[in-house]
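Q: Handing you a structure now.
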Amino acid sequence: MQVSENQTLKIYNSLSGKKEIFKPINEGHIGMYVCGPTVYSNVHLGNCRTFMSFDMIFRYFKHLGYKVRYVRNITDAGHLVDDADEGEDKIAKKARLEQLEPMEVVQRYTIDFHNILEKFNFLPPSIEPTATGHIIEQIEIVKDIIKKGFAYEINGSVYFDVNTFNESHEYGKLSGRKLEDMISNTRELAAQSEKRNPQDFALWKKAEAEHIMRWPSPWGDGFPGWHLECTAMSTKYLGETFDIHGGGMDLKFPHHECEIAQAEACNGHSPVNYWLHANMLTLNGKKMAKSTGNSILPNEIFTGENTILSKAFSPSVVRFFMMQAHYTSILDISNDALLASEKGYNKLMEAIDNLEKLPAKETSSFNFKAWQQHCYDAMNDDFNSPILISKLFEAVKQINLIKEEKESISKADKDILKTTLHSFVFDVLGLENKNNSNDGSNKLEGVVELLIELRKEARENKDFATSDKIRNQLAEMGIELKDGKEGTTFNVS
C-alpha cells in the first residue's frame, strides 16, 4: 500500500491564492515541470534554493509512493537580457564577450550547474530538455497560435496579441494583474517598436545580421521567445494539462503568465492545475547582486574562499540551512545563520549515529507513532520543512534522553524511529550524514576511537595526565569527548 493512501496533502496554489487538497490528474502519477536555468553563468545560490525546494517536493512525492515525471528544462537560447523582447540573447552576449561559440558557453555552465546540484545531493529530473532541442515544436505552436487569431507576424517576428486574447480569456490571473491597469501604467510604445501594444510579447524574433543563434522558420531566420520554450517542452512531455508547474517567485510575471496565455491560446484550457512558487534568498539582509559585491557562489561557500563567511560550510549544512525555512518565505543567509545550522546539523547526525546503540526496553515512554504522523502532518501542510525539522529535533531529544536512561523505547518503536528518521532526513530533505560518507570522515572516526581506547587504558592505569592530555588536545581541535554509562562518544563541532 502506498503511503499516499493514508495522507492528505495540501498545496498552496498561486493560481487560486489558497491551499488546496492535492489531487493528481491520474491516480498514483504526477507530472511536474520546473523552469530550469539559463546557462550563461555559474549557477546562482538563489537559483539553487529554488531548485532545492522542488527537489525536496519531488522527493516527498516519491516517498509517498507516487510515480513522478519531473521535467526541468535548460534554457540555452531565446532568453534576452533584462527578460525583454528587445536586445541581446544572454548566451550570445556571453559568447561574444568571451569570444566563444554559444554552445561552448552552454556546455561550460550546464556542467557547472550539474556539478553544483550533485554536491547538494539533488535527484536528477526525469527529463531535462533544452530549448534548442525543441525548435520544431516551438515553431508549430507559433503557427497554431497565429492560425487561431492570437498572434501576428511583422517584419519576420511574431508577437502574441494580449488584447485579443483577453477578450475571451483572462490575462494576468496568475499574478493578479488586470490588463486595464497594465495599459494605464504603460508608456507609449517607442517609435521603433514593432508591437501593436506594449503588453504583447514575442513568440518568435527575427535574427538580425549580427545575431549568432538563429534557425529557419516560416517567417525567416530567427529564434524563439523565452516564454515559448517552456510551453513547448512542458506540454510535449506532460500533456496539454498537467499537475504542477514550479519556479521562482520572480517568474510569476511575465514568464508564467505568458506560458498560461500561450497554452490556453493553443488548447483552449488551462495547462496546469497547481502553480507553485519558491521565494528568494538574500545575503546579510540585502538582495544578492554581483554589482554591489553582495554575492557568493556555492563553491565559494564549500571551499571557504570568500570574504563574507568565517569558514567553509559543507553542502549538507547549506542544504539543512535552506530546509529550515518554508519554500515560500524569503530566506536570509549569513555567517551566523550558517554557524547555527552547522551546530543543528551536527546534533541531528550525532543523534542518528547514536540511534543504533539505544537499548530496547519492554515499553516506550514517548508516543513515537503519534510523532511519526506529526512529521507527515508537517509535510502534508504545503511541504512545511521547518515544522518537520522541529519534529525531527523532538526525536533528537528523545534519543539523548534514552541514551542517558532517562526515557525508554521499545524494539517496535525503535524500528519506527529509525525508519522515520531515515525517510525524512535522507530521503525527503536530501541531507547526507558526513560521518558515513567517503570523504575521510570514516578515517577520522577510526583515529578518534583509537585515542578514546588509549585514554581509557590510561585512566585504568591511573595515568590521568595522559588521559587529560588526550581529552584537552582533541577539544582544541574541535572534537569533544563525552563520557557516559555506555562508554565514551565524541562530537565534532
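Just so we're on the same page: first chain in the C-alpha cells is A, next is B, and so on; residues restart at 1 for each chain, and ligands are numbered from 1 in the order they show up.
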Which residues of stretch 397-492 of chain A come within 12 Å of stretch 63-73 of chain A, and for each one, what is the closest pair of atoms and their distance in Å to one decimal, counting only C-alpha atoms, sorted by chain and residue number, as JSON lines?
A:
```
{"residue": "A:Thr420", "atom": "CA", "partner": "A:His63", "partner_atom": "CA", "distance": 11.1}
{"residue": "A:His422", "atom": "CA", "partner": "A:His63", "partner_atom": "CA", "distance": 11.3}
{"residue": "A:Ser423", "atom": "CA", "partner": "A:His63", "partner_atom": "CA", "distance": 7.6}
{"residue": "A:Phe424", "atom": "CA", "partner": "A:His63", "partner_atom": "CA", "distance": 8.9}
{"residue": "A:Val425", "atom": "CA", "partner": "A:His63", "partner_atom": "CA", "distance": 11.8}
{"residue": "A:Phe426", "atom": "CA", "partner": "A:His63", "partner_atom": "CA", "distance": 10.9}
{"residue": "A:Asp427", "atom": "CA", "partner": "A:His63", "partner_atom": "CA", "distance": 7.3}
{"residue": "A:Val428", "atom": "CA", "partner": "A:His63", "partner_atom": "CA", "distance": 7.1}
{"residue": "A:Leu429", "atom": "CA", "partner": "A:His63", "partner_atom": "CA", "distance": 10.9}
{"residue": "A:Gly430", "atom": "CA", "partner": "A:His63", "partner_atom": "CA", "distance": 11.6}
```
Q: Leaving out A:Leu174 and any residue of its chain fewer than 3 positions from it, which residues lie within 10 Å of it when counting only C-alpha atoms, given as an MDAnalysis selection string?
A: chainID A and resid 13:17 170:171 177 252:254 256:258 260 275
Q: What is the atom CA of A:Leu281-atom CA of A:Met249 distance in Å, reported with one decimal?
A: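 Straight-line distance from atom CA of A:Leu281 to atom CA of A:Met249 works out to 10.9 Å.
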Q: Quick one: residues within 10 Å of A:Glu264, only C-alpha atoms counted, chain neighbours fewer than 4 positions away excluded, as a ChimeraX atom specification?
A: /A:145,165,169-170,240,258-260,268-271
Q: Save out the residues we just selected, N, CA, C and O atoms, as a short mmCIF file (atom, residue, chain, number, x, y, z; two decimals), in the first residue's frame.
A:
```cif
data_model
loop_
_atom_site.label_atom_id
_atom_site.label_comp_id
_atom_site.auth_asym_id
_atom_site.auth_seq_id
_atom_site.Cartn_x
_atom_site.Cartn_y
_atom_site.Cartn_z
N ILE A 145 -0.93 29.29 -32.89
CA ILE A 145 -1.45 30.50 -32.24
C ILE A 145 -1.83 31.55 -33.29
O ILE A 145 -2.87 32.23 -33.16
N PHE A 165 -6.43 38.19 -26.99
CA PHE A 165 -6.54 37.04 -26.09
C PHE A 165 -7.45 37.38 -24.91
O PHE A 165 -8.28 36.56 -24.49
N HIS A 169 -10.33 35.39 -22.77
CA HIS A 169 -9.60 34.75 -21.67
C HIS A 169 -9.21 35.81 -20.65
O HIS A 169 -9.53 36.99 -20.83
N GLU A 170 -8.54 35.41 -19.60
CA GLU A 170 -8.13 36.35 -18.55
C GLU A 170 -6.62 36.40 -18.45
O GLU A 170 -5.99 35.56 -17.81
N GLU A 240 -1.30 18.31 -22.42
CA GLU A 240 -1.91 19.64 -22.51
C GLU A 240 -2.29 20.19 -21.13
O GLU A 240 -2.34 21.40 -20.93
N CYS A 258 2.69 34.43 -19.28
CA CYS A 258 2.74 34.25 -20.73
C CYS A 258 2.61 32.78 -21.11
O CYS A 258 2.00 32.45 -22.13
N GLU A 259 3.17 31.90 -20.29
CA GLU A 259 3.02 30.46 -20.54
C GLU A 259 1.54 30.07 -20.54
O GLU A 259 1.08 29.30 -21.40
N ILE A 260 0.80 30.57 -19.54
CA ILE A 260 -0.63 30.25 -19.45
C ILE A 260 -1.35 30.75 -20.70
O ILE A 260 -2.16 30.02 -21.30
N GLY A 268 -7.12 25.90 -25.60
CA GLY A 268 -8.44 26.33 -25.14
C GLY A 268 -8.72 26.06 -23.67
O GLY A 268 -9.84 26.27 -23.22
N HIS A 269 -7.72 25.59 -22.91
CA HIS A 269 -7.94 25.33 -21.48
C HIS A 269 -6.65 25.56 -20.72
O HIS A 269 -5.55 25.62 -21.29
N SER A 270 -6.78 25.64 -19.38
CA SER A 270 -5.63 25.91 -18.53
C SER A 270 -4.63 24.75 -18.59
O SER A 270 -5.02 23.58 -18.58
N PRO A 271 -3.32 25.07 -18.67
CA PRO A 271 -2.33 24.00 -18.82
C PRO A 271 -1.93 23.31 -17.52
O PRO A 271 -1.41 22.20 -17.54
#
```
Q: What does the distance from atom CA of A:Val81 to atom CA of A:Asp200 come to in Å, to one decimal?
A: 17.4 Å
Q: Using Å and a single decimal, report how far atom CA of A:Asp377 sits from atom CA of A:Val3.
A: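 For atom CA of A:Val3 relative to atom CA of A:Asp377, the distance reads 12.7 Å.
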Q: Under the rule that only C-alpha atoms are counted, which of A:Leu331, A:Ile470, A:Tyr376, A:Lys147 is the nearest residue to A:Lys10?
A: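 Smallest separation from A:Lys10 among the options: A:Tyr376.
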Q: Using DSSP on the backbone coordinates, identify all residues within stretch 345-441 of chain A classified as helix (DSSP H, G or I); present the result as an MDAnalysis selection string.
A: chainID A and resid 345:355 368:380 385:403 411:428 434:436 441
Q: For those residues, write C-alpha atoms to a file as a short mmCIF file (atom, residue, chain, number, x, y, z; two decimals), in the first residue's frame.
A:
```
data_model
loop_
_atom_site.label_atom_id
_atom_site.label_comp_id
_atom_site.auth_asym_id
_atom_site.auth_seq_id
_atom_site.Cartn_x
_atom_site.Cartn_y
_atom_site.Cartn_z
CA TYR A 345 23.01 19.60 11.63
CA ASN A 346 25.77 18.02 13.75
CA LYS A 347 23.33 17.39 16.62
CA LEU A 348 20.91 15.71 14.23
CA MET A 349 23.58 13.48 12.71
CA GLU A 350 25.03 12.61 16.11
CA ALA A 351 21.59 11.51 17.30
CA ILE A 352 21.12 9.36 14.19
CA ASP A 353 24.55 7.78 14.79
CA ASN A 354 23.56 7.03 18.40
CA LEU A 355 20.18 5.56 17.47
CA PHE A 368 6.55 7.50 18.62
CA LYS A 369 3.61 6.55 16.41
CA ALA A 370 1.95 9.92 17.02
CA TRP A 371 5.30 11.65 16.48
CA GLN A 372 5.66 9.88 13.13
CA GLN A 373 2.28 11.20 11.97
CA HIS A 374 3.23 14.70 13.12
CA CYS A 375 6.19 14.51 10.69
CA TYR A 376 3.78 13.65 7.88
CA ASP A 377 1.38 16.37 9.01
CA ALA A 378 4.14 18.95 8.61
CA MET A 379 4.99 17.88 5.08
CA ASN A 380 1.33 17.48 4.17
CA SER A 385 10.06 21.64 6.11
CA PRO A 386 10.78 23.94 9.11
CA ILE A 387 7.95 22.32 11.10
CA LEU A 388 9.23 18.90 10.02
CA ILE A 389 12.71 19.79 11.29
CA SER A 390 11.26 20.86 14.65
CA LYS A 391 9.63 17.42 14.87
CA LEU A 392 12.93 15.75 14.00
CA PHE A 393 14.56 17.55 16.91
CA GLU A 394 11.85 16.21 19.20
CA ALA A 395 13.22 12.81 18.22
CA VAL A 396 16.79 14.02 18.85
CA LYS A 397 15.76 14.99 22.37
CA GLN A 398 14.23 11.55 22.97
CA ILE A 399 17.32 9.77 21.63
CA ASN A 400 19.54 11.71 24.03
CA LEU A 401 17.20 11.03 26.98
CA ILE A 402 17.05 7.31 26.15
CA LYS A 403 20.83 7.23 25.85
CA LYS A 411 12.00 -2.51 19.88
CA ALA A 412 8.94 -1.81 17.73
CA ASP A 413 9.15 1.93 18.38
CA LYS A 414 12.89 1.89 17.77
CA ASP A 415 12.16 0.49 14.30
CA ILE A 416 9.55 3.22 13.72
CA LEU A 417 12.01 5.89 14.87
CA LYS A 418 14.83 4.55 12.72
CA THR A 419 12.67 4.21 9.59
CA THR A 420 11.02 7.61 10.01
CA LEU A 421 14.27 9.48 10.64
CA HIS A 422 15.92 7.86 7.65
CA SER A 423 12.92 8.62 5.44
CA PHE A 424 12.61 12.29 6.33
CA VAL A 425 16.25 13.24 6.96
CA PHE A 426 17.83 11.47 3.99
CA ASP A 427 15.07 10.57 1.50
CA VAL A 428 12.90 13.71 1.80
CA LYS A 434 29.06 13.29 6.70
CA ASN A 435 30.09 10.77 9.35
CA ASN A 436 29.05 7.99 6.99
CA SER A 441 35.20 11.05 7.99
#
```
Q: Using only C-alpha atoms, which protein or nucleic acid residues come within 7 Å of A:Gly220? Drop anything in the same chain fewer than 4 positions from it, and give the result as a list of chain:residue names.
A: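 These residues fall inside the cut-off: A:Gly156, A:Lys206, A:Pro216.
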Q: For A:Ala261, which of A:Val318, A:Ile333, A:Leu203, A:Ala92 is the closest residue, counting only C-alpha atoms?
A: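 Under the stated criterion, the closest residue is A:Leu203.
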Q: Which parts of stretch 249-326 of chain A does DSSP call strand (DSSP E) when run on the backbone here, written out as JSON, numbers by chain?
A: {"A": [272, 273, 274, 275, 276, 277, 278, 281, 282, 283, 286, 287]}
Q: For a quick check of understanding, using only C-alpha atoms, which of A:Ile479, A:Leu80, A:Met103, A:Ile296 has the smallest distance to A:Thr282?
A: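 Closest to A:Thr282, using only C-alpha atoms: A:Ile296.
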Q: Please produce, as a tab-separated table, a per-residue contact table for stretch 325-413 of chain A versus stretch 308-311 of chain A (criterion: any atom at most 9 Å away, only C-alpha atoms considered), showing the nearest atom pair and its distance in Å to one decimal, sorted by chain then residue number.
A:
```
residue	atom	partner	partner_atom	distance
A:Ser334	CA	A:Leu309	CA	7.5
A:Asn335	CA	A:Leu309	CA	5.2
A:Asp336	CA	A:Leu309	CA	8.8
A:Leu338	CA	A:Leu309	CA	8.9
```
Q: Skip A:Thr75 itself and residues of its chain fewer than 4 positions away, then list as an MDAnalysis selection string all residues within 12 Å of it, counting only C-alpha atoms.
A: chainID A and resid 34:41 79:80 89:91 103 105:107 109:110 128:135 224:230 233
Q: Write the residues of the preceding selection, restricted to N, CA, C and O atoms, as a compact mmCIF listing (two decimals), in the first residue's frame.
A:
```
# COMPACT_ATOMS: atom_id res chain seq x y z
N VAL A 34 9.38 22.28 -13.86
CA VAL A 34 10.03 23.39 -13.16
C VAL A 34 10.95 24.11 -14.13
O VAL A 34 11.73 23.47 -14.85
N CYS A 35 10.84 25.43 -14.18
CA CYS A 35 11.69 26.24 -15.05
C CYS A 35 13.14 26.14 -14.59
O CYS A 35 13.46 26.47 -13.45
N GLY A 36 13.99 25.66 -15.48
CA GLY A 36 15.41 25.48 -15.17
C GLY A 36 16.23 26.73 -15.44
O GLY A 36 15.69 27.81 -15.69
N PRO A 37 17.56 26.60 -15.41
CA PRO A 37 18.44 27.76 -15.53
C PRO A 37 18.67 28.20 -16.98
O PRO A 37 18.54 27.41 -17.90
N THR A 38 18.99 29.48 -17.15
CA THR A 38 19.56 29.96 -18.40
C THR A 38 21.07 29.86 -18.22
O THR A 38 21.65 30.53 -17.37
N VAL A 39 21.71 29.00 -19.01
CA VAL A 39 23.09 28.60 -18.73
C VAL A 39 24.09 29.55 -19.42
O VAL A 39 24.72 29.21 -20.42
N TYR A 40 24.23 30.75 -18.84
CA TYR A 40 25.19 31.73 -19.36
C TYR A 40 26.19 32.17 -18.29
O TYR A 40 27.06 33.00 -18.55
N SER A 41 26.06 31.62 -17.07
CA SER A 41 26.98 31.94 -15.98
C SER A 41 26.90 30.85 -14.93
O SER A 41 26.03 29.97 -15.00
N HIS A 79 16.56 33.68 -24.32
CA HIS A 79 16.36 34.50 -23.11
C HIS A 79 17.16 35.78 -23.27
O HIS A 79 18.38 35.79 -23.13
N LEU A 80 16.47 36.87 -23.56
CA LEU A 80 17.14 38.14 -23.79
C LEU A 80 17.47 38.83 -22.47
O LEU A 80 16.85 38.58 -21.44
N ASP A 89 20.58 38.22 -26.76
CA ASP A 89 20.42 36.95 -26.07
C ASP A 89 21.51 36.82 -25.00
O ASP A 89 22.68 37.12 -25.25
N LYS A 90 21.14 36.38 -23.79
CA LYS A 90 22.10 36.29 -22.69
C LYS A 90 23.29 35.39 -23.04
O LYS A 90 24.43 35.69 -22.69
N ILE A 91 23.01 34.27 -23.69
CA ILE A 91 24.08 33.33 -24.04
C ILE A 91 24.94 33.88 -25.17
O ILE A 91 26.17 33.80 -25.12
N MET A 103 27.41 27.54 -28.00
CA MET A 103 27.27 26.22 -27.40
C MET A 103 28.43 25.86 -26.48
O MET A 103 28.30 24.98 -25.63
N VAL A 105 29.59 28.12 -24.37
CA VAL A 105 29.07 28.75 -23.16
C VAL A 105 28.04 27.84 -22.51
O VAL A 105 28.07 27.61 -21.29
N VAL A 106 27.12 27.33 -23.31
CA VAL A 106 26.07 26.43 -22.81
C VAL A 106 26.68 25.20 -22.14
O VAL A 106 26.28 24.82 -21.03
N GLN A 107 27.66 24.59 -22.79
CA GLN A 107 28.28 23.38 -22.25
C GLN A 107 28.99 23.66 -20.93
O GLN A 107 28.84 22.91 -19.95
N TYR A 109 28.54 26.03 -18.65
CA TYR A 109 27.71 26.37 -17.50
C TYR A 109 26.64 25.32 -17.20
O TYR A 109 26.13 25.26 -16.08
N THR A 110 26.32 24.48 -18.18
CA THR A 110 25.45 23.33 -17.89
C THR A 110 26.20 22.33 -17.01
O THR A 110 25.64 21.78 -16.06
N GLU A 128 15.35 16.29 -18.86
CA GLU A 128 15.96 17.62 -18.82
C GLU A 128 16.12 18.13 -20.25
O GLU A 128 17.21 18.11 -20.81
N PRO A 129 15.03 18.62 -20.85
CA PRO A 129 15.08 19.04 -22.25
C PRO A 129 15.71 20.42 -22.40
O PRO A 129 15.76 21.22 -21.46
N THR A 130 16.20 20.70 -23.60
CA THR A 130 16.79 22.00 -23.90
C THR A 130 15.93 22.76 -24.91
O THR A 130 15.23 22.15 -25.72
N ALA A 131 16.02 24.08 -24.86
CA ALA A 131 15.25 24.91 -25.79
C ALA A 131 15.68 24.66 -27.23
O ALA A 131 14.85 24.55 -28.14
N THR A 132 17.00 24.55 -27.45
CA THR A 132 17.48 24.36 -28.83
C THR A 132 17.10 22.99 -29.37
O THR A 132 17.07 22.79 -30.59
N GLY A 133 16.81 22.06 -28.50
CA GLY A 133 16.40 20.72 -28.95
C GLY A 133 14.93 20.63 -29.30
O GLY A 133 14.46 19.56 -29.71
N HIS A 134 14.20 21.75 -29.17
CA HIS A 134 12.75 21.73 -29.40
C HIS A 134 12.30 22.93 -30.23
O HIS A 134 11.22 23.48 -30.02
N ILE A 135 13.14 23.31 -31.17
CA ILE A 135 12.80 24.43 -32.07
C ILE A 135 11.59 24.08 -32.93
O ILE A 135 10.69 24.91 -33.14
N PRO A 224 13.43 31.54 -30.92
CA PRO A 224 12.17 31.54 -30.17
C PRO A 224 12.17 32.54 -29.02
O PRO A 224 13.21 32.90 -28.48
N GLY A 225 10.97 32.95 -28.63
CA GLY A 225 10.82 33.77 -27.43
C GLY A 225 11.04 32.92 -26.19
O GLY A 225 10.79 31.70 -26.20
N TRP A 226 11.51 33.57 -25.13
CA TRP A 226 11.85 32.85 -23.89
C TRP A 226 10.64 32.11 -23.32
O TRP A 226 10.75 30.96 -22.87
N HIS A 227 9.46 32.73 -23.33
CA HIS A 227 8.29 32.11 -22.72
C HIS A 227 7.83 30.87 -23.49
O HIS A 227 7.30 29.93 -22.92
N LEU A 228 8.06 30.89 -24.81
CA LEU A 228 7.53 29.85 -25.68
C LEU A 228 8.11 28.47 -25.37
O LEU A 228 7.41 27.46 -25.42
N GLU A 229 9.42 28.43 -25.08
CA GLU A 229 10.09 27.14 -24.92
C GLU A 229 9.47 26.29 -23.80
O GLU A 229 9.33 25.08 -23.95
N CYS A 230 9.10 26.94 -22.69
CA CYS A 230 8.54 26.17 -21.56
C CYS A 230 7.17 25.59 -21.91
O CYS A 230 6.84 24.48 -21.49
N MET A 233 7.95 22.51 -24.20
CA MET A 233 8.54 21.33 -23.55
C MET A 233 7.64 20.74 -22.48
O MET A 233 7.58 19.52 -22.33
```
Q: So that I can see what lies close to A:Asn197, please list as an mmCIF file with N, CA and C atoms, in the first residue's frame the residues with an atom at most 9 Å from it, counting only C-alpha atoms and leaving out residues fewer than 2 positions away in the same chain.
A:
```cif
data_model
loop_
_atom_site.group_PDB
_atom_site.id
_atom_site.type_symbol
_atom_site.label_atom_id
_atom_site.label_comp_id
_atom_site.auth_asym_id
_atom_site.auth_seq_id
_atom_site.Cartn_x
_atom_site.Cartn_y
_atom_site.Cartn_z
ATOM 1 N N ASP A 161 -0.812 38.539 -29.284
ATOM 2 C CA ASP A 161 -1.734 39.675 -29.171
ATOM 3 C C ASP A 161 -2.512 39.554 -27.855
ATOM 4 N N VAL A 162 -2.032 40.247 -26.826
ATOM 5 C CA VAL A 162 -2.617 40.137 -25.496
ATOM 6 C C VAL A 162 -4.042 40.690 -25.448
ATOM 7 N N ASN A 163 -4.293 41.805 -26.149
ATOM 8 C CA ASN A 163 -5.635 42.404 -26.146
ATOM 9 C C ASN A 163 -6.668 41.460 -26.730
ATOM 10 N N ILE A 183 -2.235 48.561 -18.923
ATOM 11 C CA ILE A 183 -2.263 49.501 -20.044
ATOM 12 C C ILE A 183 -2.133 50.938 -19.547
ATOM 13 N N GLU A 188 3.778 55.051 -23.832
ATOM 14 C CA GLU A 188 3.558 54.791 -25.253
ATOM 15 C C GLU A 188 4.723 53.989 -25.812
ATOM 16 N N LEU A 189 4.442 53.180 -26.816
ATOM 17 C CA LEU A 189 5.487 52.394 -27.443
ATOM 18 C C LEU A 189 6.515 53.294 -28.110
ATOM 19 N N GLU A 194 7.905 47.218 -32.956
ATOM 20 C CA GLU A 194 7.005 46.590 -33.924
ATOM 21 C C GLU A 194 5.682 46.175 -33.295
ATOM 22 N N LYS A 195 5.617 46.129 -31.999
ATOM 23 C CA LYS A 195 4.424 45.628 -31.319
ATOM 24 C C LYS A 195 3.226 46.555 -31.530
ATOM 25 N N GLN A 199 1.917 45.457 -24.109
ATOM 26 C CA GLN A 199 1.763 44.207 -23.361
ATOM 27 C C GLN A 199 2.022 42.970 -24.219
ATOM 28 N N ASP A 200 2.027 43.114 -25.532
ATOM 29 C CA ASP A 200 2.292 41.978 -26.409
ATOM 30 C C ASP A 200 3.712 41.456 -26.164
ATOM 31 N N PHE A 201 3.903 40.161 -26.361
ATOM 32 C CA PHE A 201 5.231 39.587 -26.124
ATOM 33 C C PHE A 201 5.635 38.701 -27.301
#
```
